Amino acid sequence: MEQRLRGVTEHIERVLGLVAPLPARSVDVADALGEVVAEDLYAAVSVPPFDSAAMDGYAVRLTDLPPDGSPVTLRVTGDVAAGPGDPDPVGPGQAVRIMTGAPLPPGADAVVPVEHTSTGRFVAGAPRTEDSVTLTRRPRPHVRAAGEDVRRGELLARAGTEVTAALVGALAASGTVRVPARRRPLVAVISTGAELVPVGSVPGPGQITDSNGPMLAAAARAAGADVVRIGPVPDDPAALRAALDEAVGQAVGGAVGAGAGGVGPDAGGIGPDGGGDGPDAGGIGPDAGPREPGHPADLVVTAGGVSAGAADVVREVLGSGAWGADATDVDVAAVAMSPGRPQALARWRGVPWLALPGNPVGAYASFELFVRPAVDRLRGRPAEVGHSASTMSTRSNLPSTAVLPAAADWPGSPGRLLVVPVRVVRPPGTASAALPGPAGHLTSPPPDAGADPTLLDAPGVVPLGSRHSLSALACADGLALVPPDVEKVRAGDPVEVLMLR
């Protein structure tokens with residue numbers, strides 16, 4: 001009996017139901033880049049905190065300057081530079097030299113830029129020599145009023161905002177010292193498959209190098225998570241259980257791998273690269289970073305072993321019920337997408353577990369559609385499910401989603417969301433600066449793509465190679481998301497594209 005296909009949106013909702021925002025902790029504002037704000041932040045002080053000069057020039061009283069623009073000569077009585085101290089007041093008929101950012105002296109209500117005065121310019125480091133200055137009223141006062149940028153108590157960032165370098169500056173300027181931020185999630189990435197060998201090892205007969213593990217670990221880091229990489233793990237339920245226990249911080253010692261014991265063929269610990277250069281080196285791999293012994297992952301992501309094959313170990317573990325209470329909330333599904341149909345969700349010893357297919361393009365597409373929203377929610381970022389034409393989308397942390405015309409025909413996958421690596425092409429004579437994304441990635445299609453850019457009056461997309469090709473994914477500018485009700489994409493049809501560059 002064929003398994004019912006689950007919609008992509010429904011699966012996203014189920015994924016988000018497994019996770020919740022992590023606890024907050026306090027971070028120094030100077031170290032807050034990339035953190036996610038855990039609560040609304042308000043300005044502690046106004047910016048600027050006092051009326052200040054917006055230009056180098058002379059602080060004056062507007063009542064001394066004729067409204068008709070006639071020149072007037074004022075007596076220069078002092079200097080005010082940016083820095084501590086209280087400036088002397090400006091009286092009638094007086095002017096004070098003032099530098100950008102310096103507090104406006106009492107009595108003054110305008111600054112006349114030096115280039116519009118008889119002085120012409122100030123010489124850096126030279127003392128004042130003029131006793132008077134001739135100037136005229138200017139159209140603008142060139143004064144930054146206190147609170148002109150930010151007023152005390154004004155909202156600066158809502159909970160769920162990712163801190164940028166510019167926001168660090170705004171927070172610091174407005175008196176924020178510590179930022180309440182969600183703890184960065186720790187994601188454990190486990191690749192499975194008896195055919196896999198670690199990066200750096202020479203594959204033997206029937207073996208291939210593990211690519212899903214490094215790829216998904218890199219994707220998780222790009223999504224804002226810390227990562228520990230485990231594997232590759234052979235197609236053995238006991239080895240997978242040991243790797244899962246290690247990921248959630250409940251390993252009981254010993255090994256987790258093929259041939260006795262560590263994670264990965266012949267390994268003696270977690271990660272083929274940790275502590276050495278080859279497959280015999282144990283320890284936590286380079287993606288992990290510092291990690292306290294036994295510190296559990298917040299999310300486990302596995303790649304492979306979730307289909308219906310006789311050696312698909314993830315499906316065997318989840319479907320057997322042999323592990324009792326270790327695996328809970330088990331949900332093995334066939335999702336209406338291609339590639340990426342086989343999926344599974346569960347909790348291992350209480351830790352959310354997302355099981356992705358082993359097909360590289362399917363694994364990567366599954367990460368963007370399902371894992372990234374889960375990481376977003378753990379980080380406290382908004383991760384609401386939207387309903388676009390393609391029936392997918394939580395795109396809260398992706399560079400952009402664009403709708404572009406197809407520049408070639410290609411078949412759809414009726415009944416399933418078709419995920420296709422695509423390259424953006426441009427019509428002849430189109431300036432690359434007008435195209436979405438970095439111009440260096442927007443190139444002409446390969447000769448066999450079937451594209452005709454001359455038919456385009458705007459940037460368009462063409463499919464790259466096989467939907468199952470890792471090299472096509474690496475060259476892609478984005479992933480086209482073709483709705484389940486489309487039998488064939490025709491040149492000129494609008495296509496939703498998840499931009500990757």
# chains A, B, ... in the order shown; residues from 1 in each chain; ligands from 1

call {"tool": "select_by_dssp", "arguments": {"residues": "region 197-254 of chain A", "states": "helix (DSSP H, G or I)", "output": "MDAnalysis selection string"}}
result
chainID A and resid 212:222 237:247

call {"tool": "write_last_selection", "arguments": {"atoms": "N, CA and C atoms", "output": "PDB file, in the first residue's frame"}}
result
ATOM      1  N   ASN A 212      27.533  14.584   2.473  1.00  0.00           N
ATOM      2  CA  ASN A 212      26.378  15.151   3.172  1.00  0.00           C
ATOM      3  C   ASN A 212      26.753  15.707   4.538  1.00  0.00           C
ATOM      4  N   GLY A 213      27.622  14.992   5.268  1.00  0.00           N
ATOM      5  CA  GLY A 213      27.997  15.459   6.598  1.00  0.00           C
ATOM      6  C   GLY A 213      28.621  16.846   6.574  1.00  0.00           C
ATOM      7  N   PRO A 214      29.718  17.038   5.801  1.00  0.00           N
ATOM      8  CA  PRO A 214      30.303  18.373   5.726  1.00  0.00           C
ATOM      9  C   PRO A 214      29.345  19.420   5.168  1.00  0.00           C
ATOM     10  N   MET A 215      28.533  19.042   4.163  1.00  0.00           N
ATOM     11  CA  MET A 215      27.619  20.012   3.562  1.00  0.00           C
ATOM     12  C   MET A 215      26.569  20.483   4.567  1.00  0.00           C
ATOM     13  N   LEU A 216      25.941  19.562   5.261  1.00  0.00           N
ATOM     14  CA  LEU A 216      24.902  19.937   6.212  1.00  0.00           C
ATOM     15  C   LEU A 216      25.479  20.660   7.420  1.00  0.00           C
ATOM     16  N   ALA A 217      26.695  20.279   7.826  1.00  0.00           N
ATOM     17  CA  ALA A 217      27.346  21.000   8.922  1.00  0.00           C
ATOM     18  C   ALA A 217      27.607  22.439   8.520  1.00  0.00           C
ATOM     19  N   ALA A 218      28.071  22.640   7.288  1.00  0.00           N
ATOM     20  CA  ALA A 218      28.314  24.001   6.802  1.00  0.00           C
ATOM     21  C   ALA A 218      27.005  24.785   6.725  1.00  0.00           C
ATOM     22  N   ALA A 219      25.940  24.140   6.264  1.00  0.00           N
ATOM     23  CA  ALA A 219      24.645  24.812   6.174  1.00  0.00           C
ATOM     24  C   ALA A 219      24.141  25.204   7.559  1.00  0.00           C
ATOM     25  N   ALA A 220      24.333  24.337   8.541  1.00  0.00           N
ATOM     26  CA  ALA A 220      23.889  24.654   9.902  1.00  0.00           C
ATOM     27  C   ALA A 220      24.676  25.827  10.478  1.00  0.00           C
ATOM     28  N   ARG A 221      25.984  25.862  10.214  1.00  0.00           N
ATOM     29  CA  ARG A 221      26.776  27.011  10.687  1.00  0.00           C
ATOM     30  C   ARG A 221      26.302  28.285  10.007  1.00  0.00           C
ATOM     31  N   ALA A 222      26.015  28.212   8.703  1.00  0.00           N
ATOM     32  CA  ALA A 222      25.536  29.389   7.983  1.00  0.00           C
ATOM     33  C   ALA A 222      24.192  29.858   8.520  1.00  0.00           C
ATOM     34  N   PRO A 237      22.016  -0.677  13.392  1.00  0.00           N
ATOM     35  CA  PRO A 237      21.187  -0.010  14.391  1.00  0.00           C
ATOM     36  C   PRO A 237      21.923   0.313  15.682  1.00  0.00           C
ATOM     37  N   ALA A 238      22.780  -0.604  16.153  1.00  0.00           N
ATOM     38  CA  ALA A 238      23.502  -0.346  17.393  1.00  0.00           C
ATOM     39  C   ALA A 238      24.475   0.818  17.226  1.00  0.00           C
ATOM     40  N   ALA A 239      25.129   0.913  16.065  1.00  0.00           N
ATOM     41  CA  ALA A 239      26.052   2.015  15.817  1.00  0.00           C
ATOM     42  C   ALA A 239      25.305   3.343  15.737  1.00  0.00           C
ATOM     43  N   LEU A 240      24.137   3.326  15.091  1.00  0.00           N
ATOM     44  CA  LEU A 240      23.349   4.550  15.016  1.00  0.00           C
ATOM     45  C   LEU A 240      22.879   4.970  16.398  1.00  0.00           C
ATOM     46  N   ARG A 241      22.436   4.021  17.201  1.00  0.00           N
ATOM     47  CA  ARG A 241      22.004   4.338  18.560  1.00  0.00           C
ATOM     48  C   ARG A 241      23.157   4.949  19.355  1.00  0.00           C
ATOM     49  N   ALA A 242      24.338   4.399  19.224  1.00  0.00           N
ATOM     50  CA  ALA A 242      25.483   4.939  19.955  1.00  0.00           C
ATOM     51  C   ALA A 242      25.805   6.355  19.493  1.00  0.00           C
ATOM     52  N   ALA A 243      25.702   6.605  18.178  1.00  0.00           N
ATOM     53  CA  ALA A 243      25.955   7.953  17.668  1.00  0.00           C
ATOM     54  C   ALA A 243      24.905   8.942  18.171  1.00  0.00           C
ATOM     55  N   LEU A 244      23.665   8.509  18.189  1.00  0.00           N
ATOM     56  CA  LEU A 244      22.600   9.371  18.710  1.00  0.00           C
ATOM     57  C   LEU A 244      22.815   9.667  20.190  1.00  0.00           C
ATOM     58  N   ASP A 245      23.189   8.655  20.954  1.00  0.00           N
ATOM     59  CA  ASP A 245      23.474   8.871  22.381  1.00  0.00           C
ATOM     60  C   ASP A 245      24.618   9.853  22.572  1.00  0.00           C
ATOM     61  N   GLU A 246      25.640   9.726  21.730  1.00  0.00           N
ATOM     62  CA  GLU A 246      26.760  10.662  21.810  1.00  0.00           C
ATOM     63  C   GLU A 246      26.289  12.085  21.497  1.00  0.00           C
ATOM     64  N   ALA A 247      25.430  12.206  20.499  1.00  0.00           N
ATOM     65  CA  ALA A 247      24.945  13.518  20.101  1.00  0.00           C
ATOM     66  C   ALA A 247      24.157  14.200  21.205  1.00  0.00           C
TER      67      ALA A 247
END

call {"tool": "residues_around", "arguments": {"residues": "region 125-130 of chain A", "least_positions_apart": "4", "cutoff": "12 Å", "atoms": "only C-alpha atoms", "output": "list in words"}}
result
Tyr58, Thr73, Leu74, Arg75, Val76, Thr77, Gly78, Asp79, Val80, Ala81, Ala95, Val96, Arg97, Ile98, Thr117, Ser118, Thr119, Gly120, Arg121 and Thr134 of chain A

call {"tool": "atom_distance", "arguments": {"atom1": "CA of Met55 (chain A)", "atom2": "CA of Asp88 (chain A)"}}
result
18.8 Å

call {"tool": "atom_distance", "arguments": {"atom1": "CA of Gly34 (chain A)", "atom2": "CA of Ala165 (chain A)"}}
result
8.4 Å

call {"tool": "residues_around", "arguments": {"residues": "region 59-69 of chain A", "least_positions_apart": "2", "cutoff": "8 Å", "atoms": "only C-alpha atoms", "output": "list in words"}}
result
Ala53, Gly57, Pro71, Val72, Val90, Gly91, Pro92, Gly93, Gln94, Ala95, Val96, Arg97, Ile98, Leu104, Pro105, Gly107, Ala108, Asp109, Ala110, Val111, Val112, Thr136, Arg137 and Arg138 of chain A

call {"tool": "write_last_selection", "arguments": {"atoms": "C-alpha atoms", "output": "compact mmCIF listing (two decimals), in the first residue's frame"}}
result
# COMPACT_ATOMS: atom_id res chain seq x y z
CA ALA A 53 27.08 70.83 15.58
CA GLY A 57 31.90 76.32 11.46
CA PRO A 71 26.28 89.60 5.48
CA VAL A 72 27.00 90.45 9.10
CA VAL A 90 27.13 82.84 22.94
CA GLY A 91 25.90 86.37 23.51
CA PRO A 92 24.40 88.93 21.12
CA GLY A 93 26.78 89.85 18.31
CA GLN A 94 29.07 86.92 19.11
CA ALA A 95 30.15 83.75 17.33
CA VAL A 96 32.09 80.72 18.57
CA ARG A 97 34.24 78.38 16.46
CA ILE A 98 32.72 74.94 16.72
CA LEU A 104 26.06 73.63 20.92
CA PRO A 105 26.86 76.49 23.33
CA GLY A 107 22.43 80.87 23.42
CA ALA A 108 23.39 79.52 19.99
CA ASP A 109 20.78 77.97 17.76
CA ALA A 110 22.58 77.57 14.42
CA VAL A 111 25.94 76.72 12.90
CA VAL A 112 27.25 78.45 9.78
CA THR A 136 25.25 85.14 6.32
CA ARG A 137 22.16 83.20 7.32
CA ARG A 138 22.10 79.74 5.74

call {"tool": "atom_distance", "arguments": {"atom1": "CA of Asp477 (chain A)", "atom2": "CA of Val425 (chain A)"}}
result
9.8 Å

call {"tool": "residues_around", "arguments": {"residues": "region 168-183 of chain A", "least_positions_apart": "3", "cutoff": "6 Å", "atoms": "only C-alpha atoms", "output": "list in words"}}
result
Leu22, Pro23, Ala24, Arg25, Ser26, Val27, Asp28, Val29, Val36, Val37, Ala38, Ala43, Ala44, Val45, Ala165 and Arg379 of chain A

call {"tool": "write_last_selection", "arguments": {"atoms": "N, CA, C and O atoms", "output": "PDB file, in the first residue's frame"}}
result
ATOM      1  N   LEU A  22      15.438  28.614  22.555  1.00  0.00           N
ATOM      2  CA  LEU A  22      16.344  28.254  23.640  1.00  0.00           C
ATOM      3  C   LEU A  22      16.375  29.354  24.695  1.00  0.00           C
ATOM      4  O   LEU A  22      15.983  30.499  24.437  1.00  0.00           O
ATOM      5  N   PRO A  23      16.857  29.041  25.899  1.00  0.00           N
ATOM      6  CA  PRO A  23      16.923  30.062  26.953  1.00  0.00           C
ATOM      7  C   PRO A  23      17.834  31.218  26.550  1.00  0.00           C
ATOM      8  O   PRO A  23      18.730  31.079  25.715  1.00  0.00           O
ATOM      9  N   ALA A  24      17.581  32.362  27.164  1.00  0.00           N
ATOM     10  CA  ALA A  24      18.385  33.556  26.895  1.00  0.00           C
ATOM     11  C   ALA A  24      19.526  33.659  27.897  1.00  0.00           C
ATOM     12  O   ALA A  24      19.467  33.121  28.994  1.00  0.00           O
ATOM     13  N   ARG A  25      20.572  34.355  27.478  1.00  0.00           N
ATOM     14  CA  ARG A  25      21.649  34.721  28.377  1.00  0.00           C
ATOM     15  C   ARG A  25      22.109  36.116  28.006  1.00  0.00           C
ATOM     16  O   ARG A  25      21.741  36.642  26.961  1.00  0.00           O
ATOM     17  N   SER A  26      22.904  36.740  28.853  1.00  0.00           N
ATOM     18  CA  SER A  26      23.328  38.119  28.637  1.00  0.00           C
ATOM     19  C   SER A  26      24.666  38.152  27.922  1.00  0.00           C
ATOM     20  O   SER A  26      25.609  37.451  28.301  1.00  0.00           O
ATOM     21  N   VAL A  27      24.744  38.969  26.860  1.00  0.00           N
ATOM     22  CA  VAL A  27      25.952  39.066  26.040  1.00  0.00           C
ATOM     23  C   VAL A  27      26.400  40.522  26.001  1.00  0.00           C
ATOM     24  O   VAL A  27      25.573  41.431  25.876  1.00  0.00           O
ATOM     25  N   ASP A  28      27.692  40.758  26.124  1.00  0.00           N
ATOM     26  CA  ASP A  28      28.214  42.111  25.989  1.00  0.00           C
ATOM     27  C   ASP A  28      27.867  42.640  24.605  1.00  0.00           C
ATOM     28  O   ASP A  28      27.991  41.937  23.602  1.00  0.00           O
ATOM     29  N   VAL A  29      27.441  43.908  24.551  1.00  0.00           N
ATOM     30  CA  VAL A  29      26.987  44.456  23.270  1.00  0.00           C
ATOM     31  C   VAL A  29      28.077  44.378  22.203  1.00  0.00           C
ATOM     32  O   VAL A  29      27.786  44.163  21.023  1.00  0.00           O
ATOM     33  N   VAL A  36      20.731  36.572  18.469  1.00  0.00           N
ATOM     34  CA  VAL A  36      19.320  36.873  18.272  1.00  0.00           C
ATOM     35  C   VAL A  36      18.754  37.432  19.569  1.00  0.00           C
ATOM     36  O   VAL A  36      18.846  36.798  20.626  1.00  0.00           O
ATOM     37  N   VAL A  37      18.200  38.625  19.484  1.00  0.00           N
ATOM     38  CA  VAL A  37      17.695  39.340  20.654  1.00  0.00           C
ATOM     39  C   VAL A  37      16.522  38.575  21.261  1.00  0.00           C
ATOM     40  O   VAL A  37      15.604  38.148  20.556  1.00  0.00           O
ATOM     41  N   ALA A  38      16.559  38.384  22.583  1.00  0.00           N
ATOM     42  CA  ALA A  38      15.542  37.586  23.256  1.00  0.00           C
ATOM     43  C   ALA A  38      14.358  38.409  23.741  1.00  0.00           C
ATOM     44  O   ALA A  38      13.309  37.847  24.060  1.00  0.00           O
ATOM     45  N   ALA A  43      16.064  52.245  23.896  1.00  0.00           N
ATOM     46  CA  ALA A  43      17.196  53.147  24.110  1.00  0.00           C
ATOM     47  C   ALA A  43      17.238  53.614  25.554  1.00  0.00           C
ATOM     48  O   ALA A  43      16.239  54.093  26.101  1.00  0.00           O
ATOM     49  N   ALA A  44      18.412  53.491  26.171  1.00  0.00           N
ATOM     50  CA  ALA A  44      18.595  53.966  27.548  1.00  0.00           C
ATOM     51  C   ALA A  44      18.873  55.462  27.572  1.00  0.00           C
ATOM     52  O   ALA A  44      18.591  56.133  28.574  1.00  0.00           O
ATOM     53  N   VAL A  45      19.445  56.008  26.509  1.00  0.00           N
ATOM     54  CA  VAL A  45      19.719  57.444  26.410  1.00  0.00           C
ATOM     55  C   VAL A  45      19.353  57.903  25.009  1.00  0.00           C
ATOM     56  O   VAL A  45      19.249  57.105  24.082  1.00  0.00           O
ATOM     57  N   ALA A 165      26.095  44.414  12.501  1.00  0.00           N
ATOM     58  CA  ALA A 165      27.121  45.363  12.932  1.00  0.00           C
ATOM     59  C   ALA A 165      26.513  46.747  13.151  1.00  0.00           C
ATOM     60  O   ALA A 165      26.864  47.444  14.119  1.00  0.00           O
ATOM     61  N   ARG A 379      16.805  29.597  17.736  1.00  0.00           N
ATOM     62  CA  ARG A 379      17.513  30.863  17.960  1.00  0.00           C
ATOM     63  C   ARG A 379      16.577  31.985  18.385  1.00  0.00           C
ATOM     64  O   ARG A 379      17.045  33.066  18.756  1.00  0.00           O
TER      65      ARG A 379
END

call {"tool": "closest_residue", "arguments": {"among": "A:Val486, A:Glu154, A:His142, A:Val422", "to": "Ala472 (chain A)", "atoms": "only C-alpha atoms"}}
result
A:Val422

call {"tool": "closest_residue", "arguments": {"among": "A:His468, A:Asp409, A:Pro494, A:Pro234", "to": "Ala194 (chain A)", "atoms": "only C-alpha atoms"}}
result
A:Pro234

call {"tool": "select_by_dssp", "arguments": {"residues": "region 57-153 of chain A", "states": "strand (DSSP E)", "output": "list in words"}}
result
Gly57, Tyr58, Ala59, Val60, Val72, Thr73, Leu74, Arg75, Val76, Thr77, Gly78, Asp79, Val80, Gln94, Ala95, Val96, Arg97, Ile98, Ala110, Val111, Val112, Pro113, Ser132, Val133, Thr134, Leu135, Val143 and Arg144 of chain A

call {"tool": "closest_residue", "arguments": {"among": "A:Gly319, A:Gly380, A:Gly17, A:Gly249", "to": "Ala333 (chain A)", "atoms": "only C-alpha atoms"}}
result
A:Gly319
